[in-house]
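Below is protein_34.cif, holding mmCIF, N, CA and C atoms.
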data_upload
loop_
_atom_site.label_atom_id
_atom_site.label_comp_id
_atom_site.auth_asym_id
_atom_site.auth_seq_id
_atom_site.Cartn_x
_atom_site.Cartn_y
_atom_site.Cartn_z
N MET A 81 0.84 -1.18 0.00
CA MET A 81 0.00 0.00 0.00
C MET A 81 0.89 1.25 0.00
N THR A 82 0.53 2.23 -0.80
CA THR A 82 1.32 3.46 -0.87
C THR A 82 0.57 4.62 -0.24
N ASP A 83 1.27 5.72 -0.09
CA ASP A 83 0.66 6.93 0.46
C ASP A 83 0.15 7.86 -0.63
N ASP A 84 0.06 7.39 -1.86
CA ASP A 84 -0.37 8.24 -2.97
C ASP A 84 -1.74 8.86 -2.74
N VAL A 85 -2.60 8.16 -2.04
CA VAL A 85 -3.94 8.66 -1.78
C VAL A 85 -3.87 9.95 -0.95
N TRP A 86 -2.88 10.05 -0.07
CA TRP A 86 -2.79 11.18 0.84
C TRP A 86 -1.97 12.33 0.30
N ARG A 87 -1.32 12.16 -0.81
CA ARG A 87 -0.51 13.24 -1.38
C ARG A 87 -1.41 14.26 -2.07
N ARG A 88 -1.02 15.54 -1.93
CA ARG A 88 -1.76 16.59 -2.59
C ARG A 88 -0.83 17.32 -3.54
N GLN A 89 -1.40 17.89 -4.56
CA GLN A 89 -0.62 18.59 -5.56
C GLN A 89 -0.58 20.10 -5.29
N GLU A 90 -0.82 20.50 -4.07
CA GLU A 90 -0.82 21.92 -3.72
C GLU A 90 0.60 22.38 -3.40
N LEU A 91 0.81 23.68 -3.58
CA LEU A 91 2.08 24.26 -3.14
C LEU A 91 2.12 24.26 -1.63
N GLU A 92 3.27 24.00 -1.10
CA GLU A 92 3.41 24.06 0.35
C GLU A 92 3.54 25.52 0.79
N SER A 93 3.37 25.73 2.04
CA SER A 93 3.52 27.06 2.60
C SER A 93 4.99 27.46 2.60
N PRO A 94 5.28 28.74 2.36
CA PRO A 94 6.67 29.20 2.41
C PRO A 94 7.14 29.48 3.84
N CYS A 95 6.32 29.17 4.81
CA CYS A 95 6.65 29.45 6.21
C CYS A 95 7.95 28.76 6.62
N VAL A 96 8.81 29.52 7.30
CA VAL A 96 10.06 28.97 7.83
C VAL A 96 10.07 29.03 9.36
N LYS A 97 8.88 29.23 9.93
CA LYS A 97 8.67 29.27 11.38
C LYS A 97 9.47 30.38 12.07
N LEU A 98 9.60 31.50 11.38
CA LEU A 98 10.19 32.71 11.93
C LEU A 98 9.15 33.81 11.70
N CYS A 99 8.06 33.73 12.44
CA CYS A 99 6.88 34.53 12.17
C CYS A 99 6.88 35.83 12.97
N MET A 100 7.12 36.92 12.27
CA MET A 100 7.07 38.24 12.88
C MET A 100 6.91 39.25 11.76
N LEU A 101 5.88 40.07 11.86
CA LEU A 101 5.67 41.09 10.84
C LEU A 101 6.54 42.30 11.14
N SER A 102 7.22 42.77 10.13
CA SER A 102 8.01 43.99 10.26
C SER A 102 7.05 45.16 10.41
N PRO A 103 7.22 45.99 11.43
CA PRO A 103 6.31 47.13 11.60
C PRO A 103 6.42 48.15 10.47
N GLN A 104 7.59 48.24 9.85
CA GLN A 104 7.77 49.21 8.77
C GLN A 104 7.10 48.77 7.48
N SER A 105 7.27 47.50 7.12
CA SER A 105 6.78 47.03 5.81
C SER A 105 5.50 46.21 5.89
N GLY A 106 5.19 45.64 7.07
CA GLY A 106 4.03 44.77 7.19
C GLY A 106 4.24 43.40 6.56
N ILE A 107 5.52 43.06 6.35
CA ILE A 107 5.88 41.79 5.72
C ILE A 107 6.52 40.89 6.76
N CYS A 108 6.21 39.61 6.71
CA CYS A 108 6.81 38.64 7.63
C CYS A 108 8.31 38.56 7.37
N VAL A 109 9.11 38.63 8.42
CA VAL A 109 10.56 38.60 8.26
C VAL A 109 11.06 37.20 7.90
N GLY A 110 10.24 36.18 8.06
CA GLY A 110 10.65 34.82 7.73
C GLY A 110 10.32 34.42 6.31
N CYS A 111 9.06 34.64 5.89
CA CYS A 111 8.62 34.15 4.58
C CYS A 111 8.29 35.25 3.59
N PHE A 112 8.26 36.50 4.03
CA PHE A 112 8.02 37.68 3.19
C PHE A 112 6.58 37.82 2.72
N ARG A 113 5.63 37.10 3.34
CA ARG A 113 4.23 37.30 3.01
C ARG A 113 3.67 38.45 3.84
N THR A 114 2.61 39.07 3.32
CA THR A 114 1.94 40.12 4.07
C THR A 114 1.05 39.50 5.13
N GLY A 115 0.60 40.31 6.07
CA GLY A 115 -0.31 39.82 7.10
C GLY A 115 -1.59 39.26 6.49
N GLU A 116 -2.09 39.92 5.47
CA GLU A 116 -3.30 39.44 4.80
C GLU A 116 -3.05 38.08 4.13
N GLU A 117 -1.92 37.95 3.47
CA GLU A 117 -1.59 36.68 2.83
C GLU A 117 -1.45 35.56 3.85
N LEU A 118 -0.85 35.87 4.99
CA LEU A 118 -0.71 34.87 6.05
C LEU A 118 -2.08 34.40 6.52
N GLY A 119 -2.98 35.33 6.75
CA GLY A 119 -4.29 35.00 7.27
C GLY A 119 -5.19 34.28 6.27
N ARG A 120 -5.00 34.55 5.00
CA ARG A 120 -5.88 33.97 3.98
C ARG A 120 -5.25 32.81 3.22
N TRP A 121 -4.03 32.41 3.57
CA TRP A 121 -3.29 31.41 2.80
C TRP A 121 -4.12 30.17 2.52
N SER A 122 -4.81 29.66 3.51
CA SER A 122 -5.56 28.41 3.33
C SER A 122 -6.77 28.57 2.42
N THR A 123 -7.19 29.80 2.15
CA THR A 123 -8.34 30.03 1.29
C THR A 123 -7.95 30.30 -0.17
N TYR A 124 -6.66 30.53 -0.41
CA TYR A 124 -6.22 30.85 -1.77
C TYR A 124 -6.21 29.61 -2.66
N SER A 125 -6.47 29.81 -3.92
CA SER A 125 -6.38 28.73 -4.89
C SER A 125 -4.90 28.41 -5.13
N PRO A 126 -4.60 27.24 -5.68
CA PRO A 126 -3.20 26.93 -6.01
C PRO A 126 -2.57 27.98 -6.92
N GLU A 127 -3.34 28.54 -7.83
CA GLU A 127 -2.81 29.57 -8.73
C GLU A 127 -2.46 30.85 -7.97
N GLN A 128 -3.33 31.24 -7.04
CA GLN A 128 -3.05 32.42 -6.22
C GLN A 128 -1.80 32.21 -5.37
N ARG A 129 -1.68 31.04 -4.78
CA ARG A 129 -0.49 30.74 -3.98
C ARG A 129 0.77 30.77 -4.84
N GLN A 130 0.68 30.23 -6.03
CA GLN A 130 1.84 30.23 -6.92
C GLN A 130 2.26 31.66 -7.27
N ASP A 131 1.29 32.52 -7.53
CA ASP A 131 1.60 33.93 -7.83
C ASP A 131 2.29 34.60 -6.65
N ILE A 132 1.79 34.35 -5.44
CA ILE A 132 2.39 34.94 -4.24
C ILE A 132 3.81 34.39 -4.05
N MET A 133 3.97 33.09 -4.19
CA MET A 133 5.29 32.47 -4.02
C MET A 133 6.30 33.07 -5.00
N ALA A 134 5.86 33.35 -6.21
CA ALA A 134 6.76 33.92 -7.22
C ALA A 134 7.20 35.33 -6.85
N ALA A 135 6.36 36.06 -6.11
CA ALA A 135 6.67 37.44 -5.73
C ALA A 135 7.53 37.55 -4.48
N LEU A 136 7.63 36.50 -3.69
CA LEU A 136 8.30 36.57 -2.39
C LEU A 136 9.78 36.96 -2.47
N PRO A 137 10.57 36.41 -3.38
CA PRO A 137 11.99 36.79 -3.40
C PRO A 137 12.23 38.29 -3.59
N GLU A 138 11.38 38.95 -4.32
CA GLU A 138 11.53 40.40 -4.54
C GLU A 138 11.23 41.21 -3.29
N ARG A 139 10.48 40.65 -2.38
CA ARG A 139 10.06 41.39 -1.18
C ARG A 139 11.15 41.46 -0.12
N GLU A 140 12.12 40.61 -0.18
CA GLU A 140 13.15 40.60 0.85
C GLU A 140 13.80 41.98 0.98
N GLY A 141 14.00 42.65 -0.13
CA GLY A 141 14.62 43.98 -0.12
C GLY A 141 13.77 45.05 0.54
N LEU A 142 12.48 44.77 0.77
CA LEU A 142 11.61 45.74 1.41
C LEU A 142 11.80 45.79 2.93
N LEU A 143 12.49 44.79 3.46
CA LEU A 143 12.73 44.75 4.90
C LEU A 143 13.97 45.54 5.24
N ALA A 144 13.90 46.34 6.29
CA ALA A 144 15.06 47.09 6.75
C ALA A 144 16.10 46.11 7.28
N LYS A 145 17.33 46.30 6.89
CA LYS A 145 18.41 45.42 7.37
C LYS A 145 18.77 45.81 8.79
N ARG A 146 18.91 44.80 9.65
CA ARG A 146 19.31 45.04 11.03
C ARG A 146 20.82 45.27 11.08
N SER A 147 21.23 46.24 11.86
CA SER A 147 22.65 46.54 11.95
C SER A 147 23.24 46.28 13.32
N GLY A 148 22.43 45.81 14.24
CA GLY A 148 22.94 45.53 15.59
C GLY A 148 22.95 46.77 16.46
N GLY A 149 23.33 46.58 17.70
CA GLY A 149 23.42 47.70 18.63
C GLY A 149 22.07 48.38 18.86
N ARG A 150 22.09 49.68 18.98
CA ARG A 150 20.86 50.43 19.25
C ARG A 150 19.93 50.45 18.06
N ASN A 151 20.45 50.21 16.85
CA ASN A 151 19.62 50.24 15.65
C ASN A 151 18.93 48.92 15.38
N ALA A 152 19.20 47.91 16.17
CA ALA A 152 18.59 46.58 15.92
C ALA A 152 17.17 46.55 16.38
#
Since I need it in another form, could you write the structure as structure tokens?
Amino acid sequence: MTDDVWRRQELESPCVKLCMLSPQSGICVGCFRTGEELGRWSTYSPEQRQDIMAALPEREGLLAKRSGGRNA
């Protein structure tokens, strides 16, 4: 018996379990999704999820880089 029955063809979540929204950008510092995307992820179609996943790498630059010390 195989587990093929239980496999799904959906995209997995981009979550890396570092969940915190940046106050400046409103983007999660772990996966780069917006708060709205995080809350609605389970309701999105596979196509919507794919579109969001494709946009995530570009969002990393929207987060302020931490520099340590008092500026961290």
Exercise for review: Find the residue from A:Gly119, A:Gln130, A:Phe112, A:Leu136 that sits nearest to Val96 of chain A; use all atoms listed in the file when measuring.
Suggested key: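 Nearest candidate to Val96 of chain A out of A:Gly119, A:Gln130, A:Phe112, A:Leu136: A:Phe112.
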Exercise for review: Find the residues around Pro94 of chain A up to 6.5 Å (only N, CA and C atoms counted), leave out those fewer than 2 positions away in its own chain, and share them as a list in words.
Suggested key: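 After dropping sequence-adjacent residues, the list is Glu92, Val96, Lys97, Gly110 and Cys111 of chain A.
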Review point. In Å, with one decimal, what is the gap from atom CA of Arg139 of chain A to atom CA of Cys108 of chain A?
Key: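 Computing the Euclidean distance for atom CA of Arg139 of chain A and atom CA of Cys108 of chain A yields 9.8 Å.
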Practice item. Identify which of the residues A:Trp121, A:Arg113, A:Leu101, A:Cys95 lies closest to Ala134 of chain A, counting only C-alpha atoms when measuring atom-to-atom distances. Key: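 Ranking A:Trp121, A:Arg113, A:Leu101, A:Cys95 by distance to Ala134 of chain A, first place goes to A:Arg113.
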**Study point:** Straight-line distance linking atom CA of Val109 of chain A with atom CA of Arg129 of chain A, stated in Å to one decimal
**Key:**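 Calculated distance between atom CA of Val109 of chain A and atom CA of Arg129 of chain A is 18.3 Å.
Note that the spacing between atom N of Pro126 of chain A and atom C of Gln104 of chain A amounts to 27.8 Å.
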